[in-house]
$ cat entry36.txt   # compact mmCIF, C-alpha atoms (C1' of nucleotides)
# COMPACT_ATOMS: atom_id res chain seq x y z
CA MET W 3 15.89 -37.16 10.00
CA PRO W 4 12.49 -35.92 8.79
CA GLN W 5 12.67 -33.47 5.88
CA PRO W 6 10.41 -30.46 5.50
CA ASP W 7 7.80 -30.70 2.76
CA ARG W 8 8.63 -27.20 1.50
CA TRP W 9 11.73 -25.05 1.15
CA ILE W 10 10.77 -21.37 1.15
CA ALA W 11 13.29 -18.57 0.70
CA HIS W 12 13.01 -14.95 1.76
CA LEU W 13 15.33 -12.66 -0.14
CA ASP W 14 16.00 -9.16 1.13
CA MET W 15 18.17 -6.68 -0.76
CA ASP W 16 20.84 -5.14 1.51
CA ALA W 17 20.16 -1.44 2.31
CA PHE W 18 18.49 -1.34 -1.08
CA TYR W 19 17.99 2.36 -1.90
CA ALA W 20 21.30 3.34 -0.36
CA SER W 21 23.13 0.58 -2.25
CA VAL W 22 21.60 1.70 -5.56
CA GLU W 23 22.80 5.25 -4.83
CA LEU W 24 26.31 3.92 -4.10
CA LEU W 25 26.41 2.39 -7.59
CA ARG W 26 26.00 5.95 -8.92
CA TYR W 27 28.25 7.61 -6.33
CA PRO W 28 30.84 4.92 -5.50
CA GLN W 29 33.03 7.56 -3.86
CA LEU W 30 30.53 7.54 -0.95
CA LYS W 31 31.16 3.88 -0.15
CA GLY W 32 31.82 3.36 3.57
CA LEU W 33 30.47 6.79 4.54
CA PRO W 34 27.27 7.52 6.47
CA VAL W 35 24.67 8.25 3.78
CA VAL W 36 20.97 8.86 4.29
CA ILE W 37 18.22 8.77 1.67
CA GLY W 38 15.18 10.92 2.37
CA GLY W 39 13.57 14.32 2.33
CA ARG W 40 11.48 15.56 -0.53
CA ARG W 41 13.53 18.69 -1.07
CA ALA W 42 16.99 17.27 -0.56
CA ASP W 43 19.45 18.51 -3.19
CA ALA W 44 21.09 16.03 -5.52
CA PRO W 45 24.92 15.97 -5.47
CA GLN W 46 26.57 18.58 -7.71
CA GLN W 47 29.89 18.19 -9.48
CA ARG W 48 32.06 21.32 -9.35
CA ALA W 49 34.16 22.68 -12.23
CA ASP W 50 37.29 21.08 -10.72
CA GLY W 51 35.62 17.67 -10.75
CA SER W 52 35.04 17.45 -7.00
CA TRP W 53 31.57 16.84 -5.59
CA HIS W 54 29.32 18.84 -3.32
CA TYR W 55 26.78 16.93 -1.23
CA ALA W 56 23.93 18.08 0.97
CA ARG W 57 24.62 17.25 4.61
CA LEU W 58 22.07 16.13 7.15
CA ARG W 59 22.89 19.12 9.40
CA ASP W 60 21.71 21.59 6.74
CA TYR W 61 18.28 20.04 6.34
CA THR W 62 15.25 21.86 7.71
CA GLY W 63 11.63 20.83 7.58
CA ARG W 64 9.53 17.70 7.62
CA GLY W 65 10.61 14.34 6.37
CA VAL W 66 11.91 10.97 7.49
CA VAL W 67 14.83 8.72 6.73
CA THR W 68 13.86 6.35 3.94
CA THR W 69 17.05 4.25 4.13
CA SER W 70 20.53 4.66 5.51
CA THR W 71 23.84 2.96 4.79
CA TYR W 72 25.32 0.60 7.36
CA ALA W 73 27.82 3.33 8.33
CA ALA W 74 24.89 5.65 9.14
CA ARG W 75 23.12 2.89 11.07
CA ASP W 76 26.25 2.56 13.20
CA LEU W 77 25.61 6.20 14.21
CA GLY W 78 22.04 5.38 15.21
CA VAL W 79 20.24 6.54 12.08
CA PHE W 80 17.47 4.19 10.95
CA SER W 81 14.52 4.07 8.55
CA ALA W 82 11.42 6.09 9.51
CA MET W 83 13.39 8.33 11.88
CA GLY W 84 12.65 12.05 11.52
CA LEU W 85 15.40 13.78 9.54
CA MET W 86 15.84 16.45 12.21
CA LYS W 87 16.47 13.79 14.83
CA ALA W 88 18.80 11.94 12.46
CA ALA W 89 20.74 15.21 11.95
CA LEU W 90 21.46 15.34 15.68
CA ARG W 91 23.01 11.88 15.57
CA ALA W 92 24.90 12.17 12.28
CA PRO W 93 25.21 15.84 11.28
CA ASP W 94 27.94 15.13 8.71
CA ALA W 95 26.09 12.31 6.97
CA VAL W 96 25.47 12.86 3.27
CA LEU W 97 21.80 13.40 2.42
CA LEU W 98 20.54 12.19 -0.96
CA PRO W 99 17.05 12.65 -2.40
CA ALA W 100 15.13 9.46 -3.14
CA ASP W 101 15.08 8.42 -6.81
CA PHE W 102 12.25 5.92 -6.97
CA ASP W 103 12.43 5.46 -10.75
CA SER W 104 15.93 4.17 -10.34
CA TYR W 105 15.00 1.88 -7.43
CA ARG W 106 12.11 0.44 -9.43
CA LYS W 107 14.47 -0.27 -12.32
CA TYR W 108 16.87 -2.21 -10.07
CA SER W 109 13.90 -3.93 -8.45
CA ARG W 110 12.80 -5.29 -11.83
CA LEU W 111 16.37 -6.35 -12.60
CA PHE W 112 16.92 -8.31 -9.40
CA LYS W 113 13.52 -10.04 -9.58
CA ALA W 114 14.16 -11.09 -13.19
CA ALA W 115 17.59 -12.40 -12.16
CA VAL W 116 16.04 -14.52 -9.40
CA ALA W 117 13.36 -15.80 -11.77
CA GLU W 118 16.06 -17.26 -14.04
CA VAL W 119 16.98 -19.62 -11.20
CA ALA W 120 13.66 -20.04 -9.38
CA PRO W 121 10.45 -18.81 -11.03
CA VAL W 122 7.88 -19.18 -8.22
CA ILE W 123 8.17 -15.70 -6.72
CA GLU W 124 5.93 -13.64 -4.43
CA ASP W 125 6.45 -9.90 -4.62
CA ARG W 126 6.68 -8.26 -1.20
CA GLY W 127 7.51 -4.76 -2.30
CA ILE W 128 10.39 -3.08 -4.01
CA ASP W 129 13.27 -4.80 -2.21
CA GLU W 130 12.12 -8.20 -1.04
CA ILE W 131 10.49 -11.40 -2.27
CA TYR W 132 9.56 -14.89 -1.18
CA ILE W 133 10.62 -17.78 -3.41
CA ASP W 134 9.29 -21.33 -3.33
CA LEU W 135 12.38 -23.48 -3.92
CA THR W 136 10.68 -26.83 -3.36
CA ASP W 137 10.55 -27.77 -7.06
CA VAL W 138 13.77 -26.11 -8.19
CA PRO W 139 15.86 -28.97 -9.70
CA GLY W 140 18.95 -28.40 -7.50
CA VAL W 141 16.75 -28.62 -4.40
CA ARG W 142 14.40 -31.40 -5.50
CA ASP W 143 17.21 -33.65 -6.70
CA ALA W 144 19.11 -33.31 -3.42
CA VAL W 145 16.16 -34.60 -1.35
CA GLY W 146 17.18 -37.87 0.28
CA HIS W 147 20.97 -37.51 0.23
CA ASP W 148 22.00 -33.87 0.89
CA PRO W 149 18.98 -31.56 1.17
CA LEU W 150 20.75 -28.74 3.02
CA GLY W 151 23.64 -28.80 0.55
CA GLY W 152 21.23 -28.60 -2.38
CA VAL W 153 19.37 -25.66 -0.84
CA LYS W 154 22.57 -23.74 -0.10
CA ALA W 155 23.90 -24.26 -3.61
CA VAL W 156 20.69 -22.86 -5.11
CA ALA W 157 20.85 -19.89 -2.72
CA ARG W 158 24.40 -19.13 -3.89
CA GLU W 159 23.24 -19.41 -7.49
CA ILE W 160 20.45 -16.89 -6.83
CA LYS W 161 22.83 -14.46 -5.13
CA ASN W 162 25.29 -14.73 -8.01
CA SER W 163 22.53 -14.10 -10.53
CA VAL W 164 21.36 -11.00 -8.62
CA GLY W 165 24.92 -9.76 -8.31
CA ARG W 166 25.64 -10.16 -12.03
CA ALA W 167 22.41 -8.36 -13.00
CA THR W 168 22.62 -5.46 -10.54
CA GLY W 169 26.00 -5.27 -8.81
CA LEU W 170 24.08 -5.48 -5.53
CA THR W 171 24.12 -7.92 -2.63
CA CYS W 172 21.20 -9.51 -0.84
CA SER W 173 20.56 -11.75 2.14
CA ILE W 174 18.60 -14.97 1.93
CA GLY W 175 16.85 -17.01 4.60
CA ILE W 176 15.65 -20.51 3.72
CA THR W 177 13.37 -22.55 5.98
CA PRO W 178 10.20 -24.65 5.71
CA ASN W 179 7.93 -21.55 5.69
CA LYS W 180 7.61 -17.80 5.04
CA LEU W 181 7.46 -16.76 8.69
CA LEU W 182 10.77 -18.43 9.59
CA SER W 183 12.48 -17.45 6.34
CA LYS W 184 11.65 -13.78 6.92
CA ILE W 185 13.39 -14.00 10.30
CA ALA W 186 16.25 -16.10 8.95
CA SER W 187 17.15 -13.64 6.17
CA GLU W 188 18.03 -11.09 8.86
CA LEU W 189 20.30 -13.38 10.86
CA ASP W 190 23.35 -12.99 8.62
CA LYS W 191 22.98 -9.54 7.03
CA PRO W 192 24.43 -8.21 4.78
CA ASP W 193 25.29 -10.66 2.01
CA GLY W 194 24.40 -13.80 3.97
CA ILE W 195 22.68 -17.14 3.57
CA THR W 196 20.89 -18.75 6.52
CA VAL W 197 19.25 -22.16 6.24
CA LEU W 198 17.17 -23.39 9.17
CA THR W 199 15.04 -26.44 9.87
CA MET W 200 12.48 -26.92 12.65
CA GLU W 201 15.23 -28.41 14.79
CA ASP W 202 16.92 -24.99 14.86
CA LEU W 203 13.85 -23.34 16.44
CA PRO W 204 14.98 -23.52 20.11
CA GLY W 205 18.58 -22.54 19.35
CA ARG W 206 18.14 -19.82 16.73
CA ILE W 207 14.59 -18.43 16.94
CA TRP W 208 13.47 -18.67 20.56
CA PRO W 209 16.26 -16.40 21.90
CA LEU W 210 15.17 -13.54 19.58
CA ALA W 211 13.18 -10.49 20.72
CA VAL W 212 9.43 -10.78 20.06
CA ARG W 213 9.57 -7.85 17.60
CA LYS W 214 11.63 -9.98 15.19
CA ILE W 215 8.41 -11.77 14.21
CA ASN W 216 6.78 -10.20 11.17
CA GLY W 217 3.35 -9.21 12.47
CA ILE W 218 4.38 -8.17 15.98
CA GLY W 219 4.64 -4.40 15.74
CA PRO W 220 5.20 -1.60 18.27
CA LYS W 221 1.85 -2.03 20.07
CA ALA W 222 1.80 -5.80 20.44
CA GLY W 223 5.54 -5.79 21.16
CA ASP W 224 5.11 -3.35 24.06
CA LYS W 225 2.19 -5.28 25.44
CA LEU W 226 4.08 -8.58 25.32
CA VAL W 227 7.05 -7.08 27.12
CA LYS W 228 4.77 -5.56 29.78
CA LEU W 229 3.31 -9.04 30.28
CA GLY W 230 6.84 -10.34 30.84
CA LEU W 231 7.28 -11.95 27.43
CA GLU W 232 10.48 -10.64 25.87
CA THR W 233 11.61 -13.41 23.56
CA VAL W 234 9.92 -15.63 21.01
CA GLY W 235 10.67 -18.53 23.35
CA ASP W 236 8.74 -16.76 26.13
CA ILE W 237 5.66 -16.69 23.85
CA ALA W 238 6.17 -20.33 22.91
CA ALA W 239 6.27 -21.30 26.59
CA ALA W 240 3.07 -19.36 27.41
CA ASP W 241 -0.29 -21.09 27.76
CA PRO W 242 -2.18 -20.53 24.49
CA ARG W 243 -5.42 -20.02 26.43
CA TRP W 244 -3.78 -17.18 28.34
CA LEU W 245 -2.48 -15.64 25.10
CA ILE W 246 -6.05 -15.72 23.76
CA GLU W 247 -7.34 -14.03 26.92
CA GLN W 248 -4.78 -11.28 26.52
CA PHE W 249 -4.84 -10.76 22.75
CA GLY W 250 -8.15 -12.13 21.51
CA ASP W 251 -8.99 -15.32 19.70
CA SER W 252 -7.43 -14.59 16.35
CA TYR W 253 -4.21 -12.81 17.32
CA GLY W 254 -3.65 -14.97 20.42
CA THR W 255 -3.87 -18.16 18.39
CA TRP W 256 -1.57 -16.70 15.75
CA LEU W 257 1.02 -15.69 18.39
CA HIS W 258 1.08 -19.25 19.70
CA HIS W 259 1.56 -20.76 16.24
CA ALA W 260 4.10 -18.17 15.13
CA SER W 261 6.26 -18.67 18.22
CA HIS W 262 6.37 -22.38 17.42
CA GLY W 263 7.47 -21.61 13.86
CA ARG W 264 4.24 -22.82 12.30
CA ASP W 265 3.02 -21.11 9.13
CA SER W 266 1.33 -22.75 6.15
CA ARG W 267 0.80 -19.66 3.94
CA PRO W 268 1.62 -20.42 0.30
CA VAL W 269 3.91 -18.36 -1.92
CA VAL W 270 1.43 -16.28 -3.95
CA THR W 271 2.68 -15.43 -7.42
CA HIS W 272 -0.07 -13.04 -8.47
CA SER W 273 -2.37 -10.63 -6.65
CA GLU W 274 -4.74 -7.84 -7.58
CA PRO W 275 -4.60 -4.48 -5.79
CA VAL W 276 -7.32 -3.76 -3.22
CA SER W 277 -6.98 0.00 -3.25
CA LEU W 278 -4.98 2.86 -4.74
CA SER W 279 -4.22 6.11 -2.95
CA ARG W 280 -2.36 9.39 -3.01
CA GLU W 281 -1.54 11.54 -0.04
CA THR W 282 0.68 14.47 0.85
CA THR W 283 2.04 16.04 4.01
CA PHE W 284 2.28 19.84 3.87
CA GLU W 285 5.42 21.84 4.51
CA ARG W 286 3.46 23.71 7.20
CA ASP W 287 0.11 22.98 8.83
CA LEU W 288 -2.73 24.57 6.87
CA HIS W 289 -5.90 26.23 8.13
CA ALA W 290 -9.21 24.98 6.74
CA VAL W 291 -10.59 28.49 6.31
CA HIS W 292 -7.53 30.66 5.88
CA ASP W 293 -5.83 28.29 3.43
CA ARG W 294 -9.03 27.07 1.87
CA ALA W 295 -8.08 27.86 -1.74
CA LEU W 296 -4.70 26.18 -1.38
CA LEU W 297 -6.23 23.08 0.21
CA GLY W 298 -8.76 22.88 -2.62
CA GLN W 299 -5.95 23.04 -5.16
CA ILE W 300 -3.96 20.34 -3.37
CA MET W 301 -7.03 18.08 -3.28
CA ASP W 302 -7.67 18.71 -7.00
CA ASP W 303 -4.10 17.67 -7.68
CA LEU W 304 -4.33 14.50 -5.55
CA CYS W 305 -7.50 13.50 -7.41
CA GLU W 306 -5.80 14.12 -10.76
CA ARG W 307 -2.87 11.95 -9.77
CA LEU W 308 -5.12 9.18 -8.49
CA ALA W 309 -7.16 9.29 -11.70
CA SER W 310 -4.00 8.96 -13.79
CA ASP W 311 -2.91 5.98 -11.64
CA LEU W 312 -6.29 4.37 -12.32
CA GLU W 313 -5.99 5.02 -16.05
CA ARG W 314 -2.44 3.69 -16.28
CA LYS W 315 -3.31 0.54 -14.34
CA ARG W 316 -6.74 0.23 -15.95
CA TYR W 317 -8.90 0.14 -12.85
CA ALA W 318 -12.05 1.89 -11.74
CA GLY W 319 -13.41 1.95 -8.20
CA LYS W 320 -16.72 2.30 -6.38
CA THR W 321 -15.54 3.49 -2.97
CA VAL W 322 -13.80 6.85 -2.58
CA GLY W 323 -12.24 7.86 0.72
CA ILE W 324 -10.39 10.78 2.19
CA LYS W 325 -7.74 10.83 4.90
CA LEU W 326 -7.04 13.92 6.94
CA ARG W 327 -4.32 14.27 9.51
CA PHE W 328 -4.50 17.21 11.88
CA GLU W 329 -1.85 18.87 13.99
CA GLY W 330 -1.16 16.52 16.86
CA PHE W 331 -1.16 13.62 14.38
CA VAL W 332 -4.85 12.81 14.86
CA THR W 333 -6.05 11.03 11.74
CA VAL W 334 -9.61 10.92 10.43
CA THR W 335 -11.01 9.00 7.47
CA ARG W 336 -14.33 9.20 5.66
CA ASP W 337 -15.48 7.16 2.71
CA LEU W 338 -18.40 6.89 0.36
CA THR W 339 -19.53 3.97 -1.77
CA LEU W 340 -21.11 4.92 -5.09
CA LYS W 341 -23.58 3.01 -7.25
CA THR W 342 -21.12 2.68 -10.12
CA ALA W 343 -17.35 2.46 -10.46
CA ILE W 344 -15.62 5.71 -11.41
CA ARG W 345 -12.14 6.54 -12.68
CA ASN W 346 -11.90 10.19 -13.70
CA ALA W 347 -10.64 13.06 -11.57
CA ALA W 348 -13.86 15.09 -11.60
CA ASP W 349 -15.97 12.17 -10.34
CA ILE W 350 -13.43 11.38 -7.63
CA ARG W 351 -13.30 15.05 -6.64
CA ALA W 352 -17.10 15.20 -6.33
CA ALA W 353 -17.16 12.16 -4.02
CA VAL W 354 -14.32 13.68 -1.99
CA GLY W 355 -16.46 16.82 -1.58
CA GLN W 356 -19.25 14.68 -0.07
CA CYS W 357 -16.78 13.07 2.33
CA LEU W 358 -15.30 16.43 3.37
CA LYS W 359 -18.75 17.67 4.43
CA ARG W 360 -18.78 15.04 7.18
CA VAL W 361 -15.60 16.29 8.88
CA THR W 362 -15.28 18.95 11.58
CA PHE W 363 -12.30 21.21 10.96
CA ASP W 364 -11.34 22.50 14.39
CA LYS W 365 -7.58 22.06 14.03
CA ARG W 366 -5.02 22.77 11.37
CA LEU W 367 -4.23 20.12 8.79
CA ARG W 368 -0.86 18.50 8.19
CA LEU W 369 -1.88 15.86 5.62
CA MET W 370 -4.57 15.16 3.07
CA GLY W 371 -5.08 11.98 1.09
CA VAL W 372 -7.53 10.38 -1.30
CA ARG W 373 -8.09 6.67 -1.80
CA ILE W 374 -10.17 4.49 -4.08
CA SER W 375 -11.15 0.88 -3.40
CA ASN W 376 -13.74 -1.68 -4.44
CA LEU W 377 -11.70 -1.90 -7.64
CA SER W 378 -12.68 -3.47 -10.94
CA HIS W 379 -10.78 -3.91 -14.18
CA THR W 380 -11.43 -1.70 -17.17
CA GLY W 381 -10.48 -2.94 -20.63
CA GLN W 382 -7.45 -5.04 -21.67
CA ASP W 383 -7.27 -8.75 -21.03
CA VAL W 384 -6.21 -10.07 -17.68
CA ALA W 385 -3.53 -12.54 -18.77
CA ALA W 386 -1.52 -9.80 -20.49
CA ARG W 387 -1.73 -7.69 -17.34
CA ALA W 388 -0.50 -10.53 -15.15
CA ALA W 389 2.53 -10.97 -17.37
CA VAL W 390 3.35 -7.27 -17.13
CA ASN W 391 2.86 -7.20 -13.36
CA SER W 392 5.24 -9.99 -12.51
CA PRO W 393 7.90 -10.36 -15.18
CA GLY W 394 9.61 -13.71 -15.23
CA THR W 395 7.07 -15.43 -13.02
CA VAL W 396 4.52 -17.98 -14.01
CA ALA W 397 1.16 -16.28 -13.55
CA ALA W 398 -1.53 -18.17 -11.71
CA PRO W 399 -4.61 -18.98 -13.79
CA GLU W 400 -7.23 -16.25 -13.58
CA ASN W 401 -10.91 -16.63 -12.85
CA LEU W 402 -12.31 -14.92 -15.91
CA PRO W 403 -15.70 -13.23 -15.61
CA LEU W 404 -18.54 -14.86 -17.56
CA PHE W 405 -19.68 -11.57 -19.11
C1' DT N 10 12.91 18.83 17.23
C1' DC N 11 8.97 14.23 16.59
C1' DT N 12 6.44 11.15 13.17
C1' DG N 13 6.61 10.10 4.52
C1' DG N 14 3.83 7.61 1.26
C1' DG N 15 2.00 3.50 -0.43
C1' DG N 16 -0.29 -0.46 0.86
C1' DT N 17 -2.99 -4.88 3.46
C1' DC N 18 -5.80 -6.86 6.87
C1' DC N 19 -8.73 -6.92 10.99
C1' DT N 20 -12.42 -5.38 14.16
C1' DA N 21 -16.72 -3.64 15.32
C1' DG N 22 -21.23 -1.46 15.04
C1' DG N 23 -25.23 -0.41 12.33
C1' DA N 24 -28.21 -0.96 8.25
C1' DC N 25 -30.72 -4.00 5.81
C1' DC N 26 -32.51 -8.36 4.24
C1' DC N 27 -34.44 -13.03 4.69
C1' DT A 9 -47.64 -6.96 21.97
C1' DC A 10 -40.71 -5.96 22.23
C1' DT A 11 -37.72 -8.60 19.57
C1' DG A 12 -34.23 -14.78 16.93
C1' DG A 13 -30.42 -15.68 13.96
C1' DG A 14 -27.59 -15.37 10.03
C1' DG A 15 -25.48 -13.02 6.18
C1' DT A 16 -23.64 -9.09 3.71
C1' DC A 17 -22.50 -4.40 2.95
C1' DC A 18 -20.94 0.04 4.55
C1' DT A 19 -18.18 2.94 7.46
C1' DA A 20 -14.35 4.32 10.82
C1' DG A 21 -10.39 3.35 13.04
C1' DG A 22 -6.17 1.06 13.96
C1' DA A 23 -2.14 -2.23 13.65
C1' DC A 24 1.26 -3.45 10.80
C1' DC A 25 4.49 -3.76 6.74
C1' DC A 26 7.91 -2.00 3.10
$ encode --input "entry36.txt" --output "structure tokens"
Amino acid sequence: MPQPDRWIAHLDMDAFYASVELLRYPQLKGLPVVIGGRRADAPQQRADGSWHYARLRDYTGRGVVTTSTYAARDLGVFSAMGLMKAALRAPDAVLLPADFDSYRKYSRLFKAAVAEVAPVIEDRGIDEIYIDLTDVPGVRDAVGHDPLGGVKAVAREIKNSVGRATGLTCSIGITPNKLLSKIASELDKPDGITVLTMEDLPGRIWPLAVRKINGIGPKAGDKLVKLGLETVGDIAAADPRWLIEQFGDSYGTWLHHASHGRDSRPVVTHSEPVSLSRETTFERDLHAVHDRALLGQIMDDLCERLASDLERKRYAGKTVGIKLRFEGFVTVTRDLTLKTAIRNAADIRAAVGQCLKRVTFDKRLRLMGVRISNLSHTGQDVAARAAVNSPGTVAAPENLPLF
DNA sequence: TCTGGGGTCCTAGGACCC
DNA sequence: TCTGGGGTCCTAGGACCC
């Protein structure tokens, strides 16, 4: 039996934010709990020791579900759903405000715990990572006699390490590449391990809905279904030339490869940011003229926050952009590339002013944002930064500038 | 009672240069 | 005098992901 040349794991923390909250409020275990809403009230302990929680039914205003517990999902409440809609489905669900500092702390803990077992890690956000297991001793040494056994044992070791460090569970998919591992980690959630080889493609992957592939979103998913392609196997059976006619050269070719489980992307252990941004959605839609002073203040504040992000991370940028979202959810962007990189709030604000002049304000605004890209480093040596950015991982060698 | 905030990548047209 | 081809940068929008 031919063995894959790589073993790549995808690790996904189970209902991450909600599970972190349950560590703090274990009495909520098993109940429908929703994280979200900027103004949600934190739980309050009464004089008699009992707790008072905000309920979904009492929430008014804008906001979406950030995460929900499995009990809430059973009631039809999922991530990105509007809170008002969620309240219709689960009025009695407990509503907790998001505590990102806490989630970031647990994120660092679980990644460090994984790194003790397998150090080649690619960060994919706060609650998931890819891990290249190919050269982990327990995997490498099992090649030839019991590869699947070796891989599963290492997966259990990783889960145990994460559990000891955080008290949280995760799900792991292990396959020859990132694309398949991302799918596999979802097949036995929560607290599961799924190992697949290419031979499992027809039995385990092809029956799945096309949207299970990372990279097929709402638009492409709808289009595929309208074309009569509902499962991954349907895409795999389609003529690649026809896929290219329908979806263009690049995406059509990718669809064909993805449906056949082919993906050669490496696990990337270090990356530099491309852009930094800050944005805010208003409690009520604001009028460009009537609320002009308030809008100016909000933009000042966004620029201040972006400037402090740049300072903390030691970047400067040459391209400044604004994002405006009007009532009706129509979004407009404008950007401006300067001759030199900037980093302070006043310079950013001035460039934003130039961008704003190029927009017609004929509707009320629901969101404003500011973004900076074309980034360059300022000060401090790069190797030290890499170590800070990905604790416990072996940083890739940097291309140092000559001057 | 629609639709947060932080990102990445891709496409496509026009400017500009050789 | 009417118009090639390639490369890169800038700008705007959109799909997608966590």
$ interface_residues --input "entry36.txt" --of "chain A" --to "chain W" --cutoff "10 Å" --atoms "only C-alpha atoms (C1' of nucleotides)" --output "PyMOL selection string"
chain A and resi 18-21+23-26
$ closest_residue --input "entry36.txt" --among "W:Leu85, W:Leu297, W:Ala186, W:Met15" --to "DC11 of chain N" --atoms "only C-alpha atoms (C1' of nucleotides)"
W:Leu85
$ residues_around --input "entry36.txt" --residues "DT10 of chain N" --least-positions-apart "3" --cutoff "9 Å" --atoms "all atoms listed in the file" --output "list in words"
Gly84, Met86 and Lys87 of chain W
$ closest_residue --input "entry36.txt" --among "W:Lys184, W:Lys359, W:Arg41, W:Arg366" --to "Asp265 of chain W" --atoms "only C-alpha atoms"
W:Lys184
$ atom_distance --input "entry36.txt" --atom1 "atom CA of Phe328 of chain W" --atom2 "atom CA of Val291 of chain W"
14.0 Å
$ atom_distance --input "entry36.txt" --atom1 "atom C1' of DG13 of chain N" --atom2 "atom CA of Ala88 of chain W"
14.7 Å
$ atom_distance --input "entry36.txt" --atom1 "atom CA of Pro99 of chain W" --atom2 "atom CA of Leu296 of chain W"
25.6 Å
$ residues_around --input "entry36.txt" --residues "Ser173 of chain W" --least-positions-apart "4" --cutoff "7 Å" --atoms "all atoms listed in the file" --output "MDAnalysis selection string"
chainID W and resid 13:16 187 191:195
